[in-house]
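J.: Data file data-v2.txt (compact mmCIF, C-alpha atoms and all ligand atoms) is appended below.
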```txt
# COMPACT_ATOMS: atom_id res chain seq x y z
CA MET A 139 -82.23 -88.39 26.99
CA GLU A 140 -80.17 -85.73 25.21
CA HIS A 141 -80.59 -87.59 21.91
CA THR A 142 -84.35 -87.13 21.70
CA LYS A 143 -84.23 -83.36 22.15
CA GLU A 144 -84.88 -81.02 19.27
CA ILE A 145 -81.87 -78.94 18.28
CA VAL A 146 -82.18 -75.92 16.00
CA LEU A 147 -79.53 -74.72 13.55
CA THR A 148 -79.57 -72.08 10.83
CA GLY A 149 -77.27 -69.56 9.30
CA ASP A 150 -76.81 -66.84 6.74
CA ARG A 151 -74.05 -65.76 4.45
CA PRO A 152 -72.53 -62.45 5.61
CA THR A 153 -72.62 -60.72 2.24
CA GLY A 154 -74.80 -57.77 3.24
CA CYS A 155 -77.47 -56.62 5.61
CA LEU A 156 -80.37 -59.08 6.05
CA HIS A 157 -83.58 -58.47 4.13
CA LEU A 158 -87.32 -59.10 4.33
CA GLY A 159 -86.87 -62.52 2.66
CA HIS A 160 -84.69 -63.60 5.59
CA TYR A 161 -87.13 -62.09 8.05
CA ILE A 162 -90.22 -63.87 6.78
CA GLY A 163 -88.43 -67.02 5.56
CA SER A 164 -86.39 -67.82 8.61
CA LEU A 165 -85.71 -65.10 11.21
CA LYS A 166 -89.25 -65.04 12.60
CA ASN A 167 -89.14 -68.79 13.16
CA ARG A 168 -85.78 -68.53 14.87
CA ILE A 169 -87.12 -65.93 17.28
CA ASP A 170 -90.03 -68.24 18.18
CA LEU A 171 -87.88 -71.37 18.42
CA GLN A 172 -85.35 -69.85 20.83
CA ASN A 173 -88.17 -69.58 23.36
CA ILE A 174 -89.07 -73.26 22.98
CA TYR A 175 -85.80 -75.15 22.59
CA GLU A 176 -82.75 -75.04 24.78
CA LYS A 177 -80.23 -75.48 21.99
CA CYS A 178 -80.50 -73.01 19.13
CA TYR A 179 -77.50 -72.25 16.95
CA ILE A 180 -77.14 -69.48 14.39
CA MET A 181 -74.11 -69.64 12.18
CA VAL A 182 -72.56 -66.67 10.41
CA ALA A 183 -71.50 -68.55 7.27
CA ASP A 184 -68.37 -66.60 6.33
CA THR A 185 -66.54 -69.63 4.90
CA GLN A 186 -69.50 -70.44 2.71
CA ALA A 187 -69.81 -66.82 1.58
CA LEU A 188 -66.15 -66.94 0.48
CA SER A 189 -67.00 -69.72 -1.98
CA ASP A 190 -68.36 -67.09 -4.38
CA ASN A 191 -66.56 -64.06 -2.89
CA PHE A 192 -63.07 -65.54 -2.54
CA ASN A 193 -61.60 -62.61 -4.49
CA ASN A 194 -63.39 -60.07 -2.29
CA PRO A 195 -62.94 -61.30 1.30
CA GLY A 196 -63.38 -57.78 2.71
CA LYS A 197 -67.07 -57.82 1.78
CA VAL A 198 -67.58 -61.00 3.78
CA ILE A 199 -65.48 -59.98 6.77
CA GLU A 200 -67.13 -56.59 7.29
CA ASN A 201 -70.58 -58.13 7.08
CA VAL A 202 -69.94 -60.63 9.88
CA VAL A 203 -70.55 -57.87 12.44
CA GLU A 204 -73.37 -56.32 10.39
CA ILE A 205 -75.35 -59.54 10.16
CA CYS A 206 -74.96 -60.14 13.87
CA LYS A 207 -76.34 -56.64 14.50
CA ASP A 208 -79.36 -57.63 12.40
CA TYR A 209 -79.89 -60.74 14.52
CA LEU A 210 -79.81 -58.80 17.76
CA ALA A 211 -81.99 -55.99 16.38
CA VAL A 212 -84.78 -58.36 15.24
CA GLY A 213 -84.87 -60.07 18.62
CA ILE A 214 -82.41 -62.96 18.61
CA ASP A 215 -81.40 -63.22 22.25
CA PRO A 216 -77.74 -64.22 22.72
CA LEU A 217 -78.64 -65.83 26.04
CA LYS A 218 -81.05 -68.17 24.27
CA SER A 219 -79.36 -68.61 20.88
CA THR A 220 -75.69 -69.38 20.29
CA ILE A 221 -74.43 -67.17 17.47
CA PHE A 222 -71.09 -68.27 16.04
CA ILE A 223 -68.62 -67.75 13.20
CA GLN A 224 -68.21 -70.68 10.80
CA SER A 225 -64.53 -70.10 9.95
CA MET A 226 -63.55 -70.28 13.63
CA ILE A 227 -64.64 -73.92 13.89
CA PRO A 228 -62.08 -76.08 12.04
CA GLU A 229 -64.04 -79.20 12.99
CA LEU A 230 -66.62 -78.21 10.35
CA PRO A 231 -64.36 -78.54 7.29
CA GLU A 232 -62.91 -81.70 8.77
CA LEU A 233 -66.37 -83.23 8.97
CA MET A 234 -67.03 -82.07 5.42
CA LEU A 235 -63.99 -83.99 4.23
CA TYR A 236 -65.49 -87.28 5.40
CA TYR A 237 -68.89 -86.44 3.91
CA LEU A 238 -67.40 -85.55 0.50
CA ASN A 239 -66.70 -89.27 0.03
CA LEU A 240 -70.40 -90.03 0.41
CA VAL A 241 -71.71 -87.68 -2.31
CA THR A 242 -71.30 -88.08 -6.06
CA LEU A 243 -70.43 -85.26 -8.42
CA SER A 244 -73.61 -85.84 -10.44
CA ARG A 245 -75.70 -85.60 -7.27
CA LEU A 246 -74.20 -82.16 -6.57
CA GLU A 247 -74.70 -81.02 -10.15
CA ARG A 248 -78.37 -82.06 -10.02
CA ASN A 249 -79.14 -79.74 -7.07
CA PRO A 250 -81.70 -77.25 -8.49
CA THR A 251 -80.71 -74.41 -6.12
CA VAL A 252 -77.02 -74.77 -6.97
CA LYS A 253 -77.91 -74.97 -10.68
CA SER A 254 -79.75 -71.64 -10.64
CA GLU A 255 -77.08 -70.01 -8.45
CA LEU A 256 -74.36 -71.13 -10.89
CA GLN A 257 -76.30 -69.54 -13.73
CA GLN A 258 -76.85 -66.35 -11.76
CA ARG A 259 -73.17 -66.02 -10.86
CA GLU A 260 -72.08 -66.60 -14.45
CA PHE A 261 -69.17 -68.89 -13.59
CA GLY A 262 -69.50 -70.48 -17.05
CA MET A 263 -67.01 -73.35 -17.37
CA SER A 264 -64.96 -72.10 -14.41
CA VAL A 265 -67.10 -73.28 -11.51
CA PRO A 266 -65.01 -73.29 -8.31
CA VAL A 267 -65.14 -76.72 -6.68
CA GLY A 268 -65.68 -74.94 -3.37
CA PHE A 269 -68.91 -73.43 -4.65
CA LEU A 270 -70.21 -76.69 -6.07
CA CYS A 271 -69.46 -78.39 -2.75
CA TYR A 272 -71.04 -75.82 -0.44
CA PRO A 273 -74.08 -78.07 0.11
CA VAL A 274 -71.67 -80.62 1.64
CA SER A 275 -70.26 -77.98 3.95
CA GLN A 276 -73.85 -77.27 5.00
CA ILE A 277 -74.23 -80.95 5.89
CA ALA A 278 -71.24 -80.56 8.19
CA ASP A 279 -72.85 -77.49 9.78
CA ILE A 280 -76.17 -79.23 10.37
CA THR A 281 -74.81 -82.55 11.60
CA ALA A 282 -72.03 -81.09 13.77
CA PHE A 283 -74.72 -79.82 16.10
CA LYS A 284 -77.02 -82.85 15.63
CA ALA A 285 -79.64 -80.36 14.50
CA THR A 286 -83.15 -81.70 13.94
CA ILE A 287 -84.89 -78.46 12.96
CA VAL A 288 -83.48 -76.13 10.31
CA PRO A 289 -85.52 -72.94 9.82
CA VAL A 290 -84.92 -71.93 6.20
CA GLY A 291 -86.49 -70.57 3.04
CA GLU A 292 -87.75 -72.85 0.29
CA ASP A 293 -84.52 -72.63 -1.73
CA GLN A 294 -82.81 -74.65 1.01
CA LEU A 295 -85.06 -77.74 0.75
CA PRO A 296 -82.70 -79.56 -1.68
CA MET A 297 -79.87 -79.03 0.83
CA ILE A 298 -81.79 -80.65 3.68
CA GLU A 299 -82.76 -83.55 1.42
CA LEU A 300 -79.10 -84.11 0.49
CA SER A 301 -78.07 -83.77 4.12
CA ASN A 302 -80.46 -86.53 5.15
CA GLU A 303 -79.20 -88.78 2.35
CA VAL A 304 -75.64 -88.37 3.59
CA VAL A 305 -76.69 -88.92 7.21
CA ARG A 306 -78.34 -92.21 6.23
CA ARG A 307 -75.39 -93.24 4.07
CA PHE A 308 -72.93 -92.48 6.86
CA ASN A 309 -74.87 -94.38 9.50
CA ILE A 310 -75.30 -97.41 7.20
CA THR A 311 -71.72 -97.39 5.88
CA TYR A 312 -70.15 -97.23 9.33
CA ASN A 313 -72.92 -99.23 10.98
CA LYS A 314 -73.45 -96.76 13.79
CA SER A 315 -76.24 -94.21 14.21
CA VAL A 316 -73.99 -91.30 15.02
CA LEU A 317 -75.65 -88.67 12.84
CA ARG A 318 -79.24 -87.44 13.04
CA GLU A 319 -81.61 -86.49 10.24
CA SER A 320 -83.08 -83.00 10.23
CA ARG A 321 -86.16 -81.32 8.84
CA ALA A 322 -86.66 -77.92 7.29
CA LEU A 323 -89.01 -75.48 8.95
CA LEU A 324 -90.34 -73.04 6.38
CA GLY A 325 -91.59 -69.54 7.18
CA THR A 326 -95.12 -68.24 6.61
CA THR A 327 -93.83 -67.11 3.20
CA LYS A 328 -91.61 -69.85 1.80
CA ARG A 329 -89.93 -67.71 -0.82
CA LEU A 330 -90.38 -63.96 -0.91
CA VAL A 331 -90.20 -62.57 -4.46
CA GLY A 332 -87.77 -59.80 -5.34
CA ILE A 333 -88.99 -56.23 -5.76
CA ASP A 334 -88.18 -56.73 -9.49
CA GLY A 335 -90.58 -59.69 -9.64
CA LYS A 336 -87.72 -62.26 -9.82
CA SER A 337 -88.52 -65.48 -8.01
CA LYS A 338 -86.44 -64.69 -4.92
CA ALA A 339 -85.52 -61.55 -3.04
CA SER A 340 -81.80 -61.92 -2.55
CA LYS A 341 -78.72 -60.01 -1.50
CA SER A 342 -76.69 -60.96 -4.54
CA LEU A 343 -79.48 -59.90 -6.93
CA ASN A 344 -79.85 -56.64 -4.96
CA ASN A 345 -83.61 -56.87 -5.36
CA ALA A 346 -84.57 -56.89 -1.70
CA ILE A 347 -85.80 -54.50 0.97
CA PHE A 348 -83.15 -54.61 3.67
CA LEU A 349 -83.66 -54.43 7.42
CA CYS A 350 -81.22 -51.49 7.45
CA ASP A 351 -83.04 -49.54 4.69
CA SER A 352 -84.17 -45.99 5.48
CA ASP A 353 -87.84 -44.98 5.27
CA GLU A 354 -87.02 -43.26 1.95
CA ASP A 355 -85.37 -46.44 0.57
CA ILE A 356 -88.42 -48.47 1.57
CA HIS A 357 -90.78 -45.97 -0.02
CA ASP A 358 -88.74 -45.84 -3.26
CA LYS A 359 -88.45 -49.62 -3.50
CA VAL A 360 -92.17 -50.14 -2.94
CA TYR A 361 -93.01 -47.54 -5.58
CA ARG A 362 -90.67 -49.28 -8.05
CA MET A 363 -92.43 -52.66 -7.60
CA PHE A 364 -94.21 -54.24 -10.55
CA THR A 365 -97.97 -54.54 -10.32
CA ASP A 366 -100.32 -55.77 -13.03
CA PRO A 367 -99.18 -54.39 -16.42
CA ASP A 368 -102.80 -54.39 -17.65
CA HIS A 369 -103.98 -52.28 -14.71
CA ILE A 370 -103.56 -48.98 -16.51
CA ARG A 371 -106.44 -46.80 -15.27
CA VAL A 372 -107.58 -46.86 -11.65
CA SER A 373 -110.98 -48.09 -12.84
CA ASP A 374 -109.47 -51.12 -14.66
CA PRO A 375 -109.85 -54.49 -12.94
CA GLY A 376 -106.43 -55.68 -11.70
CA LYS A 377 -104.75 -59.03 -11.00
CA VAL A 378 -103.34 -59.81 -7.57
CA GLU A 379 -101.65 -63.07 -8.64
CA GLY A 380 -98.12 -62.41 -9.84
CA ASN A 381 -98.44 -58.83 -8.57
CA VAL A 382 -95.36 -58.04 -6.47
CA VAL A 383 -97.14 -55.45 -4.32
CA PHE A 384 -99.78 -57.96 -3.29
CA ALA A 385 -97.14 -60.66 -2.72
CA TYR A 386 -95.57 -58.31 -0.14
CA MET A 387 -99.00 -57.37 1.25
CA ASP A 388 -99.69 -61.11 1.72
CA ALA A 389 -96.41 -61.55 3.54
CA PHE A 390 -96.43 -58.46 5.75
CA TYR A 391 -99.77 -56.67 5.96
CA GLU A 392 -101.11 -57.21 9.43
CA ASP A 393 -104.83 -56.52 8.96
CA ARG A 394 -105.81 -59.66 7.06
CA GLU A 395 -109.49 -58.71 6.78
CA GLU A 396 -108.65 -55.35 5.28
CA LEU A 397 -106.22 -57.06 2.89
CA GLU A 398 -108.96 -59.36 1.58
CA ALA A 399 -111.20 -56.31 1.00
CA LEU A 400 -108.36 -54.49 -0.78
CA LYS A 401 -107.75 -57.48 -3.06
CA LYS A 402 -111.45 -57.66 -3.94
CA HIS A 403 -111.56 -53.94 -4.67
CA TYR A 404 -108.41 -54.15 -6.82
CA GLN A 405 -109.78 -57.12 -8.79
CA GLU A 406 -113.08 -55.36 -9.41
CA GLY A 407 -111.40 -52.09 -10.42
CA GLY A 408 -111.38 -48.69 -8.75
CA LEU A 409 -108.33 -49.15 -6.52
CA GLY A 410 -105.15 -47.49 -7.76
CA ASP A 411 -101.66 -49.02 -7.53
CA SER A 412 -100.39 -46.01 -5.63
CA SER A 413 -103.03 -46.40 -2.88
CA VAL A 414 -101.93 -50.00 -2.25
CA LYS A 415 -98.25 -49.03 -2.47
CA SER A 416 -98.78 -46.30 0.08
CA LEU A 417 -100.34 -48.80 2.53
CA LEU A 418 -97.55 -51.31 1.93
CA SER A 419 -94.81 -48.71 2.28
CA ARG A 420 -96.19 -47.50 5.60
CA SER A 421 -96.61 -50.99 7.01
CA LEU A 422 -93.04 -51.99 6.02
CA GLN A 423 -91.69 -48.78 7.55
CA LYS A 424 -93.56 -49.66 10.76
CA LEU A 425 -91.87 -53.06 10.80
CA ILE A 426 -88.36 -51.95 9.84
CA THR A 427 -87.96 -48.59 11.65
CA PRO A 428 -87.70 -50.06 15.19
CA ILE A 429 -85.29 -52.74 13.90
CA ARG A 430 -83.11 -50.08 12.26
CA GLU A 431 -83.18 -47.95 15.41
CA ARG A 432 -82.23 -50.85 17.70
CA ARG A 433 -79.49 -51.79 15.24
CA ALA A 434 -77.95 -48.31 15.44
CA GLU A 435 -77.51 -48.69 19.22
CA ILE A 436 -75.48 -51.92 18.99
CA THR A 437 -71.71 -51.54 19.15
CA LYS A 438 -69.08 -53.63 17.38
CA ASN A 439 -67.45 -54.50 20.74
CA TYR A 440 -70.69 -55.93 22.08
CA VAL A 441 -71.19 -57.96 18.89
CA MET A 442 -67.64 -59.37 18.98
CA ASP A 443 -68.06 -60.49 22.60
CA ILE A 444 -71.22 -62.36 21.66
CA LEU A 445 -69.62 -63.95 18.60
CA ILE A 446 -66.45 -65.05 20.39
CA ASP A 447 -68.37 -66.52 23.36
CA GLY A 448 -70.90 -68.20 21.07
CA THR A 449 -68.17 -69.66 18.88
CA ALA A 450 -66.38 -71.17 21.90
CA ARG A 451 -69.62 -72.90 23.00
CA ALA A 452 -70.41 -74.09 19.48
CA ARG A 453 -66.92 -75.41 18.90
CA LYS A 454 -67.19 -77.78 21.86
CA GLU A 455 -70.31 -79.37 20.36
CA ALA A 456 -68.74 -79.69 16.91
CA ALA A 457 -65.60 -81.27 18.39
CA LYS A 458 -67.74 -83.82 20.23
CA THR A 459 -69.51 -84.86 17.04
CA LEU A 460 -66.25 -84.98 15.06
CA GLY A 461 -64.86 -87.34 17.72
CA GLU A 462 -67.89 -89.61 17.33
CA VAL A 463 -67.64 -89.52 13.54
CA LYS A 464 -63.96 -90.48 13.55
CA GLU A 465 -64.62 -93.23 16.04
CA ALA A 466 -67.44 -94.59 13.85
CA ILE A 467 -65.11 -94.67 10.84
CA GLY A 468 -62.39 -96.15 13.03
CA ILE A 469 -59.71 -93.53 12.48
CA VAL A 470 -58.64 -93.18 16.06
CA TYR A 471 -54.94 -93.83 16.54
CA THR A 472 -53.13 -94.09 19.81
CA ARG A 473 -49.61 -95.07 20.89
CA SER A 474 -49.58 -98.80 21.54
P1 LIG B 501 -77.03 -64.42 -1.26
O1 LIG B 501 -77.64 -63.73 -2.44
O2 LIG B 501 -75.72 -63.86 -0.81
O3 LIG B 501 -77.03 -65.91 -1.41
P2 LIG B 501 -79.52 -64.53 0.10
O4 LIG B 501 -80.30 -63.27 0.02
O5 LIG B 501 -79.87 -65.66 -0.84
O6 LIG B 501 -78.01 -64.11 -0.07
P3 LIG B 501 -78.78 -66.35 2.17
O7 LIG B 501 -77.84 -65.84 3.20
O8 LIG B 501 -78.26 -67.22 1.06
O9 LIG B 501 -79.53 -65.06 1.55
O10 LIG B 501 -80.02 -67.09 2.84
C1 LIG B 501 -80.08 -67.36 4.22
C2 LIG B 501 -81.41 -67.93 4.61
O11 LIG B 501 -82.48 -67.03 4.29
C3 LIG B 501 -81.76 -69.24 3.89
O12 LIG B 501 -82.43 -70.07 4.81
C4 LIG B 501 -82.70 -68.81 2.81
O13 LIG B 501 -83.58 -69.85 2.43
C5 LIG B 501 -83.46 -67.66 3.48
N1 LIG B 501 -83.90 -66.71 2.46
C6 LIG B 501 -83.12 -65.90 1.72
N2 LIG B 501 -83.85 -65.20 0.83
C7 LIG B 501 -85.14 -65.59 1.02
C8 LIG B 501 -86.39 -65.25 0.41
N3 LIG B 501 -86.44 -64.36 -0.58
N4 LIG B 501 -87.52 -65.84 0.86
C9 LIG B 501 -87.48 -66.74 1.87
N5 LIG B 501 -86.34 -67.12 2.49
C10 LIG B 501 -85.18 -66.56 2.07
MG MG B 502 -78.45 -67.46 -1.01
```
Represent the structure contained in this file as structure tokens.
Ligand code: ATP
Ligand code: MG
T.:
Amino acid sequence: MEHTKEIVLTGDRPTGCLHLGHYIGSLKNRIDLQNIYEKCYIMVADTQALSDNFNNPGKVIENVVEICKDYLAVGIDPLKSTIFIQSMIPELPELMLYYLNLVTLSRLERNPTVKSELQQREFGMSVPVGFLCYPVSQIADITAFKATIVPVGEDQLPMIELSNEVVRRFNITYNKSVLRESRALLGTTKRLVGIDGKSKASKSLNNAIFLCDSDEDIHDKVYRMFTDPDHIRVSDPGKVEGNVVFAYMDAFYEDREELEALKKHYQEGGLGDSSVKSLLSRSLQKLITPIRERRAEITKNYVMDILIDGTARARKEAAKTLGEVKEAIGIVYTRS
């Protein structure tokens, strides 16, 4: 009955330390899911990260270990979750090659997440094909493990939609239900805003609070956050909608009752920005300090053992699926 079981897959690009957007958007779900499902895979997406860092591979390579330290420090258990390195599984790009035939160029260009990322990276007319095609490589990642649950942030929804389209097209074209559809599992906050108020906290925009930030960094970043520009005097009534400090309070402040009272007070007037920032800063420090401390204890040797073992396990699964895919297409040749 293997086929009916839920399988979890996610991943992150190793381009820096993980941040609060990852934590609330996907990491928390992964920690919960590893206690429910037997097969949970977490991919360190180094190949994908090279698609927009091809001229700076060092940044990607050094962050492979760093990101894995983040996983372990937040509570990913390597005995429950298989953590692996994308570039060490050649079956993934091979799968991608077959899927590339099932996606049109215009379909890739329509992807709203890719569109905004292209703008952000200022490729202009020189868009690398590898970057444009990274959603197809994600389809290979998801389907190689027959994943059914993909814990991600909201920006990934177009990728899952495309993945399911390709899964259906593959199964219909080759008349065999080899591949499985998957569904996104969003976090309690679907898309955490950046500290600069931009729609998404992200590594490449450097507008995030990182899980490796010091208490001072956290304090400084919180105090730099935008609030309500019309909330000039403490006595002025303030807006909580579109206010970055309250967006972070909503995502991370534990005492929900107190938060509602704070919002009411702020809206009525009489509550200063710095009072709310002080509460937020302290609560984020409380969350991040133990993660940072656990992280500092983890050695590179330990991380590499986990990654190499995890990759060996993951590769077997990917090879099995690739075999099924090739058989479905009919490209299996033997000596007659
Ligand atoms: P980069 O800028 O290098 O693309 P990133 O900060 O966007 O980095 P990714 O590694 O691309 O992070 O994202 C990995 C996962 O984390 C994805 O599932 C993504 O949806 C989720 N994620 C990233 N940022 C946020 C955010 N601000 N809010 C919610 N989820 C997020
Ligand atoms: Mg991203």
J.: So how far away is atom C10 of ligand LIG 501 (chain B) from CA of Lys424 in chain A, in Å?
T.: 20.8 Å
J.: Which is closer to ligand LIG 501 (chain B) than all the others in A:Val360, A:Leu270, A:Met226, A:Leu158, using only C-alpha atoms and all ligand atoms?
T.: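 Using only C-alpha atoms and all ligand atoms, the shortest distance to ligand LIG 501 (chain B) belongs to A:Leu158.
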J.: Please list as a PDB file with C-alpha atoms, keeping the file's coordinate frame every residue within 12 Å of Lys197 in chain A, counting only C-alpha atoms and excluding residues in the same chain fewer than 4 positions away.
T.:
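Output contents, as saved in selection-v6.pdb:
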```
ATOM      1  CA  ARG A 151     -74.050 -65.760   4.450  1.00  0.00           C
ATOM      2  CA  PRO A 152     -72.530 -62.450   5.610  1.00  0.00           C
ATOM      3  CA  THR A 153     -72.620 -60.720   2.240  1.00  0.00           C
ATOM      4  CA  GLY A 154     -74.800 -57.770   3.240  1.00  0.00           C
ATOM      5  CA  CYS A 155     -77.470 -56.620   5.610  1.00  0.00           C
ATOM      6  CA  ASP A 184     -68.370 -66.600   6.330  1.00  0.00           C
ATOM      7  CA  ALA A 187     -69.810 -66.820   1.580  1.00  0.00           C
ATOM      8  CA  LEU A 188     -66.150 -66.940   0.480  1.00  0.00           C
ATOM      9  CA  ASP A 190     -68.360 -67.090  -4.380  1.00  0.00           C
ATOM     10  CA  ASN A 191     -66.560 -64.060  -2.890  1.00  0.00           C
ATOM     11  CA  PHE A 192     -63.070 -65.540  -2.540  1.00  0.00           C
ATOM     12  CA  ASN A 193     -61.600 -62.610  -4.490  1.00  0.00           C
ATOM     13  CA  ASN A 201     -70.580 -58.130   7.080  1.00  0.00           C
ATOM     14  CA  VAL A 202     -69.940 -60.630   9.880  1.00  0.00           C
ATOM     15  CA  VAL A 203     -70.550 -57.870  12.440  1.00  0.00           C
ATOM     16  CA  GLU A 204     -73.370 -56.320  10.390  1.00  0.00           C
ATOM     17  CA  ILE A 205     -75.350 -59.540  10.160  1.00  0.00           C
ATOM     18  CA  SER A 342     -76.690 -60.960  -4.540  1.00  0.00           C
TER      19      SER A 342
END
```
J.: Determine, counting all atoms listed in the file, which protein, DNA and RNA residues have an atom within 6 Å of an atom of Ser164 in chain A; residues of the same chain fewer than 3 positions away are not included. Present the result as an mmCIF file with C-alpha atoms, in the coordinates of the input.
T.:
```cif
data_model
loop_
_atom_site.group_PDB
_atom_site.id
_atom_site.type_symbol
_atom_site.label_atom_id
_atom_site.label_comp_id
_atom_site.auth_asym_id
_atom_site.auth_seq_id
_atom_site.Cartn_x
_atom_site.Cartn_y
_atom_site.Cartn_z
ATOM 1 C CA HIS A 160 -84.690 -63.600 5.590
ATOM 2 C CA TYR A 161 -87.130 -62.090 8.050
ATOM 3 C CA ASN A 167 -89.140 -68.790 13.160
ATOM 4 C CA PRO A 289 -85.520 -72.940 9.820
ATOM 5 C CA VAL A 290 -84.920 -71.930 6.200
ATOM 6 C CA GLY A 325 -91.590 -69.540 7.180
#
```
J.: Rank A:Ser254, A:Asn173, A:Ser340, A:Asn302 by their smallest atom-to-atom distance to ligand MG 502 (chain B), using all atoms listed in the file, and report the top residue only.
T.: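 Result for the nearest residue to ligand MG 502 (chain B): A:Ser340.
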J.: Tell me which of A:Leu240, A:Leu349, A:Ile227, A:Cys271 sits closest to Ala434 in chain A, counting only C-alpha atoms.
T.: A:Leu349
J.: So that I can see what lies close to Lys464 in chain A, please list as an MDAnalysis selection string the residues with an atom at most 12 Å from it, counting all atoms listed in the file and leaving out residues fewer than 4 positions away in the same chain.
T.: chainID A and resid 229 232:233 235:237 308 312 314 316:317 457:460 468:471
J.: How far is it from CA of Arg248 in chain A to CA of Val304 in chain A, in Å with one decimal?
T.: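 Separation between CA of Arg248 in chain A and CA of Val304 in chain A: 15.2 Å.
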J.: Between chain A and ligand MG 502 (chain B), at 12 Å or less, what are the per-residue closest atom pairs and their distances in Å? Count all atoms listed in the file, order by chain and rising residue number, and return it as a tab-separated table.
T.:
```
residue	atom	partner	partner_atom	distance
A:Gly149	CA	B:MG502	MG	10.6
A:Asp150	CA	B:MG502	MG	7.9
A:Arg151	CA	B:MG502	MG	7.2
A:Pro152	CA	B:MG502	MG	10.2
A:Thr153	CA	B:MG502	MG	9.5
A:Gly154	CA	B:MG502	MG	11.2
A:Leu156	CA	B:MG502	MG	11.1
A:His157	CA	B:MG502	MG	11.6
A:Gly159	CA	B:MG502	MG	10.4
A:His160	CA	B:MG502	MG	9.9
A:Gly163	CA	B:MG502	MG	12.0
A:Ala183	CA	B:MG502	MG	10.9
A:Gln186	CA	B:MG502	MG	10.1
A:Ala187	CA	B:MG502	MG	9.0
A:Ser189	CA	B:MG502	MG	11.7
A:Asp190	CA	B:MG502	MG	10.6
A:Thr251	CA	B:MG502	MG	8.9
A:Val252	CA	B:MG502	MG	9.5
A:Ser254	CA	B:MG502	MG	10.6
A:Glu255	CA	B:MG502	MG	8.0
A:Leu256	CA	B:MG502	MG	11.3
A:Gln258	CA	B:MG502	MG	10.9
A:Arg259	CA	B:MG502	MG	11.3
A:Phe269	CA	B:MG502	MG	11.8
A:Tyr272	CA	B:MG502	MG	11.2
A:Pro273	CA	B:MG502	MG	11.5
A:Val290	CA	B:MG502	MG	10.7
A:Gly291	CA	B:MG502	MG	9.5
A:Glu292	CA	B:MG502	MG	10.8
A:Asp293	CA	B:MG502	MG	8.0
A:Gln294	CA	B:MG502	MG	8.6
A:Met297	CA	B:MG502	MG	11.8
A:Arg329	CA	B:MG502	MG	11.5
A:Lys338	CA	B:MG502	MG	9.3
A:Ala339	CA	B:MG502	MG	9.4
A:Ser340	CA	B:MG502	MG	6.7
A:Lys341	CA	B:MG502	MG	7.5
A:Ser342	CA	B:MG502	MG	7.6
A:Leu343	CA	B:MG502	MG	9.7
A:Asn344	CA	B:MG502	MG	11.6
```
J.: Give me, please, the distance in Å between CA of Asp334 in chain A and CA of Met363 in chain A, quoted to one decimal.
T.: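 About the pair CA of Asp334 in chain A and CA of Met363 in chain A: they are 6.2 Å apart.
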J.: Skip Glu176 in chain A itself and residues of its chain fewer than 6 positions away, then list as a ChimeraX atom specification all residues within 9 Å of it, counting only C-alpha atoms.
T.: /A:143-146,218-219
J.: Skipping near chain neighbours, those fewer than 4 positions away, what residues fall within 9 Å of Ile467 in chain A using all atoms listed in the file, listed as a list in words?
T.: Thr311, Tyr312, Glu462 and Val463 of chain A
J.: From the set A:Ser264, A:Ala278, A:Ile199, A:Ala389, which residue has the shortest atom-to-atom contact distance to ligand LIG 501 (chain B), counting all atoms listed in the file?
T.: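 Using all atoms listed in the file, the shortest distance to ligand LIG 501 (chain B) belongs to A:Ala389.
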J.: What residues have an atom no more than 12 Å from (-107.5, -50.4, -6.8) in the file's own frame, counting all atoms listed in the file, and can you write them as a ChimeraX atom specification?
T.: /A:365-366,369-378,383-384,397,399-417
J.: Include C-alpha atoms and write out the residues we just selected as an mmCIF file, in the frame of the given file.
T.:
```cif
data_model
loop_
_atom_site.group_PDB
_atom_site.id
_atom_site.type_symbol
_atom_site.label_atom_id
_atom_site.label_comp_id
_atom_site.auth_asym_id
_atom_site.auth_seq_id
_atom_site.Cartn_x
_atom_site.Cartn_y
_atom_site.Cartn_z
ATOM 1 C CA THR A 365 -97.970 -54.540 -10.320
ATOM 2 C CA ASP A 366 -100.320 -55.770 -13.030
ATOM 3 C CA HIS A 369 -103.980 -52.280 -14.710
ATOM 4 C CA ILE A 370 -103.560 -48.980 -16.510
ATOM 5 C CA ARG A 371 -106.440 -46.800 -15.270
ATOM 6 C CA VAL A 372 -107.580 -46.860 -11.650
ATOM 7 C CA SER A 373 -110.980 -48.090 -12.840
ATOM 8 C CA ASP A 374 -109.470 -51.120 -14.660
ATOM 9 C CA PRO A 375 -109.850 -54.490 -12.940
ATOM 10 C CA GLY A 376 -106.430 -55.680 -11.700
ATOM 11 C CA LYS A 377 -104.750 -59.030 -11.000
ATOM 12 C CA VAL A 378 -103.340 -59.810 -7.570
ATOM 13 C CA VAL A 383 -97.140 -55.450 -4.320
ATOM 14 C CA PHE A 384 -99.780 -57.960 -3.290
ATOM 15 C CA LEU A 397 -106.220 -57.060 2.890
ATOM 16 C CA ALA A 399 -111.200 -56.310 1.000
ATOM 17 C CA LEU A 400 -108.360 -54.490 -0.780
ATOM 18 C CA LYS A 401 -107.750 -57.480 -3.060
ATOM 19 C CA LYS A 402 -111.450 -57.660 -3.940
ATOM 20 C CA HIS A 403 -111.560 -53.940 -4.670
ATOM 21 C CA TYR A 404 -108.410 -54.150 -6.820
ATOM 22 C CA GLN A 405 -109.780 -57.120 -8.790
ATOM 23 C CA GLU A 406 -113.080 -55.360 -9.410
ATOM 24 C CA GLY A 407 -111.400 -52.090 -10.420
ATOM 25 C CA GLY A 408 -111.380 -48.690 -8.750
ATOM 26 C CA LEU A 409 -108.330 -49.150 -6.520
ATOM 27 C CA GLY A 410 -105.150 -47.490 -7.760
ATOM 28 C CA ASP A 411 -101.660 -49.020 -7.530
ATOM 29 C CA SER A 412 -100.390 -46.010 -5.630
ATOM 30 C CA SER A 413 -103.030 -46.400 -2.880
ATOM 31 C CA VAL A 414 -101.930 -50.000 -2.250
ATOM 32 C CA LYS A 415 -98.250 -49.030 -2.470
ATOM 33 C CA SER A 416 -98.780 -46.300 0.080
ATOM 34 C CA LEU A 417 -100.340 -48.800 2.530
#
```
